[in-house]
Amino acid sequence: MAGAPTISLPELRSLLASSQARPVDVRSREEAAVGTILGALNILVSELESALQMEPAAMQALYSAEKRKLEEENLIFFCQMGRWGLQATQLAQGLGYTGARNFAGA
């Protein structure tokens with residue numbers, strides 16, 4: 001999909017194997033429960049903007065996860081078809097997350 005940096009499946013596999021990817025599943029909790037990337041943080045695309053702007057303590061309390069840093073590399077957003085992942089990547093980049101990328105092949 002055009003409009004945001006993407007990541008290929010081989011590159012994603014390599015980053016996951018070396019624990020360098022920070023995957024974020026932007027589907028519903030029910031969809032993610034059926035299957036997701038191991039270790040992925042699940043934040044609904046409609047909640048993403050507020051989640052990325054919340055304080056670290058609030059992120060930990062709500063999502064049981066450490067808040068991602070603006071300069072963090074390999075922040076990978078994905079969904080089932082790619083549209084929400086693209087939207088999430090563009091949103092994150094707009095908020096200053098320079099390492100945000102979309103995995104459209106989910």
# chains A, B, ... in the order shown; residues from 1 in each chain; ligands from 1
call {"tool": "residues_around", "arguments": {"residues": "stretch 25-41 of chain A", "least_positions_apart": "6", "cutoff": "7 Å", "atoms": "only C-alpha atoms", "output": "list of chain:residue names"}}
result
A:Phe77, A:Phe78, A:Cys79, A:Trp84, A:Gly85
call {"tool": "write_last_selection", "arguments": {"atoms": "N, CA and C atoms", "output": "mmCIF file, in the first residue's frame"}}
result
data_model
loop_
_atom_site.group_PDB
_atom_site.id
_atom_site.type_symbol
_atom_site.label_atom_id
_atom_site.label_comp_id
_atom_site.auth_asym_id
_atom_site.auth_seq_id
_atom_site.Cartn_x
_atom_site.Cartn_y
_atom_site.Cartn_z
ATOM 1 N N PHE A 77 2.967 -1.682 12.508
ATOM 2 C CA PHE A 77 1.519 -1.741 12.657
ATOM 3 C C PHE A 77 0.959 -2.720 11.636
ATOM 4 N N PHE A 78 -0.044 -3.495 12.064
ATOM 5 C CA PHE A 78 -0.649 -4.446 11.138
ATOM 6 C C PHE A 78 -2.096 -4.726 11.517
ATOM 7 N N CYS A 79 -2.824 -5.224 10.539
ATOM 8 C CA CYS A 79 -4.203 -5.664 10.711
ATOM 9 C C CYS A 79 -4.391 -6.861 9.782
ATOM 10 N N TRP A 84 -6.184 -0.705 8.005
ATOM 11 C CA TRP A 84 -6.034 -0.123 9.344
ATOM 12 C C TRP A 84 -4.561 0.011 9.707
ATOM 13 N N GLY A 85 -3.748 -0.937 9.268
ATOM 14 C CA GLY A 85 -2.305 -0.845 9.512
ATOM 15 C C GLY A 85 -1.719 0.388 8.846
#
call {"tool": "select_by_dssp", "arguments": {"residues": "chain A", "states": "alpha helix (DSSP H)", "output": "ChimeraX atom specification"}}
result
/A:9-17,29-34,48-53,56-63,83-94
call {"tool": "write_last_selection", "arguments": {"atoms": "C-alpha atoms", "output": "mmCIF file, in the first residue's frame"}}
result
data_model
loop_
_atom_site.group_PDB
_atom_site.id
_atom_site.type_symbol
_atom_site.label_atom_id
_atom_site.label_comp_id
_atom_site.auth_asym_id
_atom_site.auth_seq_id
_atom_site.Cartn_x
_atom_site.Cartn_y
_atom_site.Cartn_z
ATOM 1 C CA LEU A 9 7.485 -10.552 5.443
ATOM 2 C CA PRO A 10 11.143 -11.706 5.299
ATOM 3 C CA GLU A 11 12.300 -8.486 6.969
ATOM 4 C CA LEU A 12 9.592 -8.755 9.638
ATOM 5 C CA ARG A 13 10.550 -12.381 10.346
ATOM 6 C CA SER A 14 14.193 -11.363 10.721
ATOM 7 C CA LEU A 15 13.345 -8.513 13.104
ATOM 8 C CA LEU A 16 11.045 -10.745 15.156
ATOM 9 C CA ALA A 17 13.710 -13.458 15.375
ATOM 10 C CA ARG A 29 -9.464 -7.619 20.717
ATOM 11 C CA GLU A 30 -11.721 -10.392 19.399
ATOM 12 C CA GLU A 31 -9.884 -10.524 16.064
ATOM 13 C CA ALA A 32 -6.490 -10.479 17.766
ATOM 14 C CA ALA A 33 -7.574 -13.291 20.093
ATOM 15 C CA VAL A 34 -8.065 -15.558 17.069
ATOM 16 C CA LEU A 48 -4.352 4.526 18.746
ATOM 17 C CA GLU A 49 -4.056 8.312 18.663
ATOM 18 C CA SER A 50 -4.899 8.695 22.337
ATOM 19 C CA ALA A 51 -2.763 5.658 23.269
ATOM 20 C CA LEU A 52 0.307 7.063 21.523
ATOM 21 C CA GLN A 53 -0.124 10.371 23.331
ATOM 22 C CA PRO A 56 3.870 6.070 30.188
ATOM 23 C CA ALA A 57 2.114 5.155 33.455
ATOM 24 C CA ALA A 58 -1.305 5.345 31.787
ATOM 25 C CA MET A 59 -0.086 3.170 28.899
ATOM 26 C CA GLN A 60 1.191 0.603 31.378
ATOM 27 C CA ALA A 61 -2.065 0.628 33.336
ATOM 28 C CA LEU A 62 -4.364 0.394 30.315
ATOM 29 C CA TYR A 63 -2.373 -1.862 27.975
ATOM 30 C CA ARG A 83 -5.998 -0.664 5.564
ATOM 31 C CA TRP A 84 -6.034 -0.123 9.344
ATOM 32 C CA GLY A 85 -2.305 -0.845 9.512
ATOM 33 C CA LEU A 86 -1.705 1.841 6.900
ATOM 34 C CA GLN A 87 -3.959 4.278 8.760
ATOM 35 C CA ALA A 88 -2.150 3.512 12.027
ATOM 36 C CA THR A 89 1.281 3.960 10.450
ATOM 37 C CA GLN A 90 0.320 7.313 8.960
ATOM 38 C CA LEU A 91 -1.150 8.435 12.289
ATOM 39 C CA ALA A 92 1.961 7.390 14.223
ATOM 40 C CA GLN A 93 4.222 9.157 11.754
ATOM 41 C CA GLY A 94 2.089 12.278 12.050
#
call {"tool": "atom_distance", "arguments": {"atom1": "atom CA of A:Thr6", "atom2": "atom CA of A:Lys67"}}
result
21.6 Å
call {"tool": "atom_distance", "arguments": {"atom1": "atom CA of A:Ser64", "atom2": "atom CA of A:Ser46"}}
result
18.2 Å
call {"tool": "atom_distance", "arguments": {"atom1": "atom CA of A:Gly99", "atom2": "atom CA of A:Met54"}}
result
18.4 Å
call {"tool": "closest_residue", "arguments": {"among": "A:Gln80, A:Ile43, A:Leu95, A:Ser19", "to": "A:Ala65", "atoms": "only C-alpha atoms"}}
result
A:Ile43
call {"tool": "closest_residue", "arguments": {"among": "A:Glu66, A:Asn74, A:Pro5, A:Val45", "to": "A:Ser18", "atoms": "only C-alpha atoms"}}
result
A:Asn74
